[in-house]
Structures are given as C-alpha cells and as structure tokens.
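Participant: Let me give you the structure first, and then I'll get to my questions.
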Amino acid sequence: MEHVVVACLNGLVVGASIALVAAGLALLFGVLGILNFAQGDFFMAGAYIVWLGVQNGLSFWLAVVAAVVVVGLVGGLGLMGVLWPLRERPQALVLLATIALSLILEQLAAGQFGADAKFVAAPVAARLPIGSSAYPAYDLLVVLAAVAVLAGGFVFLRYMKYGIWLRAVAQNHRMASVLGLPVPRVYAVAFIVSAAMAAVAGSLLVPLTSVYPTVGLDINLSAFIVVIAGGLGNFRGAALIALGLGVAESLGAIFIPGAGVQLAVFALVILLLLARSRRPRVAVRL
Amino acid sequence: MLELHDLHAYYGRSHVLQGVSLDVGRGEGVGLVGHNGVGKTTTLRSVMGLGPRVTGRVVFSGKDLRGPSHRRARLGIGYVPDAEAIFPDMTVEDNIRVGGMVERGNERRSVDLAYELFPILAARRRQLAGTLSGGEQKALTLARGLALKPRLVMVDEPSEGLMPKNVDLLADALRKALREGIGVLVVDASFQLLKTVCTRLYVMRQGRITGRHRLDEFQTADRLVATYLKAEG
C-alpha cells in the first residue's frame, strides 16, 4: 500500500510538471494554431536561470521569479517576433520556425553551459513521513504550485480582460478586431503567458530533474502527447490529462514491467485521439 | 461624416471595386443596394480595413482612415457583418462584454444597452452564442455593434433570413440609433427595412455606384424596387 501512495505522489509531481508545459502549449495552439516546438526550451531556459541565480548567491525563490519574468518577456516576445511575420504563411513554415528556434536555444545552452547536467538543491529539505518512508516536502510543493498556476490560467481565461479577449481572438480574430480589440497585443499576451508557464515548470522542477541542454525535448514530447490527447487548444483537458498520465505511468510502473508502461500510455493516447477525431474545430476552451 | 472617394479594390486580378464614392452624414440613414457579388460587402470591409488592398480615400470625421481594424473601430465605426460575426463558444453576455471592455468603465453599460435593444438576449445571457437561432445571432451582432455607441454603424444584410416581425425589430433598433445621431450605412434588399431607416439609396453594379436616389421618391411598384429589392420582408 505504501509504495502505491508514493507512486501516486510521484505521478502527481510528474503530471504537474507536464501539465504546466502542456497548458502553455495548449494556450498558444488555441490562439494562433501554433504548435510551439520551442516550448520545452523555455522550460530549459527557466531551469538554467534558476541554476545561475542560485550559483550566484540569489535565493532560490527570487531566482524562480527572475526566471519566470525573463523567460516570459524575452521568450514570449522573441517568439512573437519570429512568428508574427509568418502569421498568414503556411503552417509548415511556422512549425519549422519554432523547430529552428528550439535548436538555436539548445545549441546556445550547450555552448554556454556544456552538455552535462546541472543540479540545484531543493529550497525545502523537510520530509513528510509516509508509513516507513519519508517523502520530500518540496515535491508536493511543486504539485501545489502547479495547481495554483493552472487555476490561475483558468481564472485568466475565464474572467480577466486579456483572457476573455484571447478567447474572442481565438474564435474569430476578424470580429475581435472589428470590435476594437488590440489583436497584436492580445497575441503578445498569449505568447508571454505561454512562455512564462513553461518557465514556471522549468524553474520549479530543476531540484527534481536537473537541467541539461536537451531537457526540453524530453519534457516537450510528453507535453505534446497531452495537448493532442486533451484536445488541441483545450486548456483544462490538457491539464487534467497530464495529471492523469503522470499518475497512470507511476502506478503502472508497479504492475507492468519496463517499457510496457510507455506502450500502454501511447495506446491510451491513440484511443483518445480516435475518440476525438470527429471534432476538428479548434479554439481556446476552458 | 463618412466619405469614400474613388475606392478601387482588387482580389487578385479581379477588379472588384471600380471607383466607389459615397457619403453618410451624421444621423443619416443611407442604403446600399445591388445584386449579389457587385462589391457591397467589399465596400463595407474596405472601410474597416478588412478587405483586400484598396486605393482611394476613406475619410471619417474629416480624417483619412488608415491602419488596422481595431484602430478604426476605436474612432467610432461599428461594423455588423452578415456572417461569421459571433464568438460561438462564448456566452451571449461575453460576446457583448468583449467589445465593451475596450473602453474603461463601458462594460456594464454596453451589456445593459444591448439587452435594452433586444430583451431576448437578456433571457439568453448564459447561453453559448453558437447555439442561438439565426435570427437571435443577428440580433446579438447588431445589439453588440450598437451597444458600443459608435458614431457610424455599417450593417450588412440585417434582414436576410428573418421573419417580417423581426425585421421590424431590427429597423426599430436602427431608427433609435439614427435619433441618437449615429450615421447608418445599411446593405440590404428589404424595402420594408430600407424605407423606414434610410433617406437615401445608392445603387451598385459591378463595382461602381450607378445610381443615387432619395428614397421617398420611390414606391413599391417602381422599377428600382422591383430590380434590386424585395418588397416584403
């Protein structure tokens, strides 16, 4: 029983981190129809900034704030700078541009920091007793933070001015413009929020995963699966499926040996996709 | 208030507007009629900056209109398109609020105003706009446009597909706008609507304005009406 509880907790932690990245992806896809391959690299950038900050004597939490602000603004606006001129061009170009951006960021990171993994100690060392083992409290803090960020994203889309505008632009950008909505600014906000979400995930997770130049690739794959399975542009769906996926993987690992879990998860995703294939329309949904 | 001078527009090689000039005064109702595909909608879209690239001048309140649609909208031009005008996955109320939020403190007022124009919308406030009937969607689009208190509103085919009773409701809303000094440029084929809203009429053929008329000169039986308008509904 005890290892089931621990597996569930592990799953929640993994799921929460994927959900954070996936939520940012889902947001962007809903607005611009862009699958951003560089999303995982924003995750990586956030993680490196925290590592750098802590190396230079900054407190962990301040480093997290710095990472989110810097990656949100620089990453978000940078991505907008790259993609805005391509907005009426074929999807393939947009896709290629984000892949290019992803490769550039990875190379920059490799050149700057080297290929080896960097570690950051968790800011909270306390452990919670679960049966005979002790579970690190920081891991659970990450889950809480993820839930808070996702709830924040939900509130943003549902009640806040730019969130409501974002949904309007996603559903009918011409009409949004006709009603006086500053469409370019709404896009910029979407890019910034999306990049900042990835940075939150990256910076909070360094103590658990370490950071290396291609960490983004690994996290992005799971996030893509989740976003596609949750329904492209479906914010809440992506978040819930990420949590479910994390828990299912961790629990499954107890009963199914080795790579069998991955196979089972992929099979589940394919089933989900088949079930959803009759809903082609895409928009930011809650 | 709105003046178009020699507007030309092209879709690829097709010369869709071939020198359109017209004007709408403050509190004046003006109709634009013509067969399908002669460039009426393109004319309205050009004013909003939505259409293809145009040459010629669009002047609003003495200033040349330029730039993206949302800047033009903020100058006080409302545009009520005939199709794809709503946000289908948002509630009726959110559909109205979206535009009201542009100007600080205008959100509540615009929602109230829209409900006042069409009380049916208040009853449907929490419903997703995409689930409204065609007529209700038209009402929503028009109410939303007028609730923003534009100085000029351009309305494309408001009566299309509506029952005569509902056309009267739309006409009432437009006449109320006129009384408040809002200029109205309406593209429509319903004589029932035009005769109560407009005082002047432009006739358009193949990208050109081919006729300018005072509406009170015409009766239902006239050739103009027979050619371009539906006498009923």
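Order determines the names: the first chain of the structure tokens is A, the second B, and so forth; residues in each chain are numbered 1 upward, and ligands are numbered 1 upward as they are shown.
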Hey, what's within 8 Å of range 56-60 of chain B if we count only C-alpha atoms and toss same-chain stuff fewer than 2 positions away? As a ChimeraX atom specification, please?

Facilitator: /B:1-8,19,47,54,62-65

Participant: Near chain A, meaning an atom within 6 Å, which residues of chain B appear when counting only C-alpha atoms? Write them as a ChimeraX atom specification.

Facilitator: /B:69-70,73-74,85,87,99

Participant: Could those residues be written to a file, using C-alpha atoms, as an mmCIF file, in the first residue's frame?

Facilitator:
data_model
loop_
_atom_site.group_PDB
_atom_site.id
_atom_site.type_symbol
_atom_site.label_atom_id
_atom_site.label_comp_id
_atom_site.auth_asym_id
_atom_site.auth_seq_id
_atom_site.Cartn_x
_atom_site.Cartn_y
_atom_site.Cartn_z
ATOM 1 C CA SER B 69 -9.303 47.459 -37.977
ATOM 2 C CA HIS B 70 -9.224 47.860 -34.211
ATOM 3 C CA ALA B 73 -13.229 50.717 -34.633
ATOM 4 C CA ARG B 74 -11.997 52.852 -31.751
ATOM 5 C CA ALA B 85 -19.856 37.632 -36.709
ATOM 6 C CA PHE B 87 -17.853 34.155 -30.927
ATOM 7 C CA GLY B 99 -16.159 44.951 -27.095
#

Participant: Rounded to one decimal, what separation in Å do you get between CA of Leu201 in chain B and CA of Met154 in chain B?

Facilitator: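 Atom-to-atom, CA of Leu201 in chain B to CA of Met154 in chain B, that is 14.0 Å.
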
Participant: Please list as a count of residues only every residue within 8 Å of Arg72 in chain B, counting only C-alpha atoms and excluding residues in the same chain fewer than 4 positions away.

Facilitator: 9

Participant: Using DSSP assignments from the backbone, pull out every residue in chain B that falls under strand (DSSP E or B) and give it to me as a compact mmCIF listing (two decimals) with C-alpha atoms, in the first residue's frame.

Facilitator:
# COMPACT_ATOMS: atom_id res chain seq x y z
CA LEU B 2 -18.05 59.08 -43.69
CA GLU B 3 -16.83 59.76 -47.21
CA LEU B 4 -15.48 57.27 -49.71
CA HIS B 5 -13.59 58.83 -52.63
CA ASP B 6 -12.88 56.77 -55.73
CA LEU B 7 -12.25 53.47 -53.97
CA HIS B 8 -10.64 50.72 -56.02
CA ALA B 9 -10.03 47.19 -54.78
CA TYR B 10 -8.67 44.03 -56.32
CA TYR B 11 -8.97 40.37 -55.40
CA SER B 14 -10.43 40.73 -60.32
CA HIS B 15 -11.20 44.45 -60.10
CA VAL B 16 -13.99 44.30 -57.51
CA LEU B 17 -14.37 47.99 -56.64
CA GLN B 18 -14.01 50.32 -59.61
CA GLY B 19 -14.16 53.78 -58.15
CA VAL B 20 -16.77 53.75 -55.40
CA SER B 21 -17.65 57.14 -53.95
CA LEU B 22 -20.35 57.71 -51.38
CA ASP B 23 -21.01 59.58 -48.19
CA VAL B 24 -23.04 59.20 -45.00
CA GLY B 29 -29.64 56.56 -42.84
CA VAL B 30 -28.17 55.52 -46.18
CA GLY B 31 -28.86 52.33 -48.08
CA LEU B 32 -26.57 50.49 -50.47
CA VAL B 33 -28.31 48.06 -52.80
CA VAL B 54 -7.59 49.42 -51.74
CA THR B 55 -6.65 52.68 -53.37
CA GLY B 56 -8.67 55.84 -52.97
CA ARG B 57 -9.61 57.66 -49.80
CA VAL B 58 -11.76 56.73 -46.86
CA VAL B 59 -12.44 59.80 -44.75
CA PHE B 60 -14.11 59.66 -41.35
CA LYS B 63 -9.58 62.44 -41.24
CA ASP B 64 -8.17 59.79 -43.55
CA ILE B 77 -17.03 52.96 -36.57
CA GLY B 78 -19.20 49.95 -35.94
CA TYR B 79 -19.41 47.11 -38.43
CA VAL B 80 -22.10 44.45 -38.27
CA THR B 91 -21.80 33.16 -23.83
CA LEU B 128 -23.37 29.91 -25.83
CA LEU B 152 -21.36 55.42 -37.51
CA VAL B 153 -22.56 51.87 -37.97
CA MET B 154 -22.36 49.78 -41.13
CA VAL B 155 -24.82 46.92 -41.26
CA ASP B 156 -24.60 44.13 -43.82
CA GLY B 183 -24.93 57.50 -39.01
CA VAL B 184 -26.22 54.27 -40.53
CA LEU B 185 -24.99 52.68 -43.75
CA VAL B 186 -27.05 49.61 -44.49
CA VAL B 187 -26.67 47.00 -47.19
CA SER B 190 -35.64 44.55 -47.88
CA ARG B 200 -31.04 57.99 -49.44
CA LEU B 201 -30.10 55.00 -51.53
CA TYR B 202 -27.04 54.13 -53.59
CA VAL B 203 -27.34 51.50 -56.31
CA MET B 204 -24.25 49.47 -57.07
CA ARG B 205 -23.45 47.49 -60.20
CA ARG B 208 -19.49 51.01 -59.38
CA ILE B 209 -22.13 53.28 -57.91
CA THR B 210 -24.62 53.61 -60.75
CA GLY B 211 -27.46 55.42 -59.05
CA ARG B 212 -28.15 57.87 -56.23
CA HIS B 213 -31.74 58.30 -55.13
CA ARG B 214 -33.88 59.89 -52.47
CA LYS B 230 -37.73 42.59 -52.10

Participant: Hey, what's within 7 Å of Phe42 in chain A if we count only C-alpha atoms and toss same-chain stuff fewer than 6 positions away? As a PyMOL selection string, please?

Facilitator: chain A and resi 71+75+195+198-199

Participant: Please provide the set of residues having any atom within 6 Å of Met44 in chain A, restricted to only C-alpha atoms, with same-chain residues fewer than 2 positions apart removed, written as a VMD selection string.

Facilitator: chain A and resid 41 to 42 46 to 47 202 216

Participant: One decimal, Å: what's the distance from CA of Gly163 in chain A over to CA of Leu221 in chain A, could you say?

Facilitator: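 Computing it gives 26.5 Å between the two atoms.
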
Participant: Contacts of range 103-111 of chain B at 10 Å or less, counting only C-alpha atoms, minus same-chain residues fewer than 3 places along, as a list in words?

Facilitator: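 Here the qualifying residues turn out to be Gly180 and Leu181 of chain A; Arg74, Val92, Glu93, Asp94, Asn95, Ile96, Arg97, Val98, Gly99, Gly100, Ala114, Tyr115, Glu116, Leu121, Ala122, Arg125, Ala143, Arg144, Gly145, Leu146, Ala147, Leu148 and Lys149 of chain B.
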
Participant: Nearest to Leu79 in chain A: which of A:Leu108, A:Val6, A:Ala188, A:Leu93 is it, counting only C-alpha atoms?

Facilitator: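 Checking each of A:Leu108, A:Val6, A:Ala188, A:Leu93 against Leu79 in chain A, counting only C-alpha atoms, the winner is A:Ala188.
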
Participant: Run DSSP on the backbone and give me the residues of range 87-226 of chain B it puts in helix (DSSP H, G or I), as a ChimeraX atom specification.

Facilitator: /B:92-100,107-117,119-123,129-131,134-147,164-179,191-197,215-217,223-226
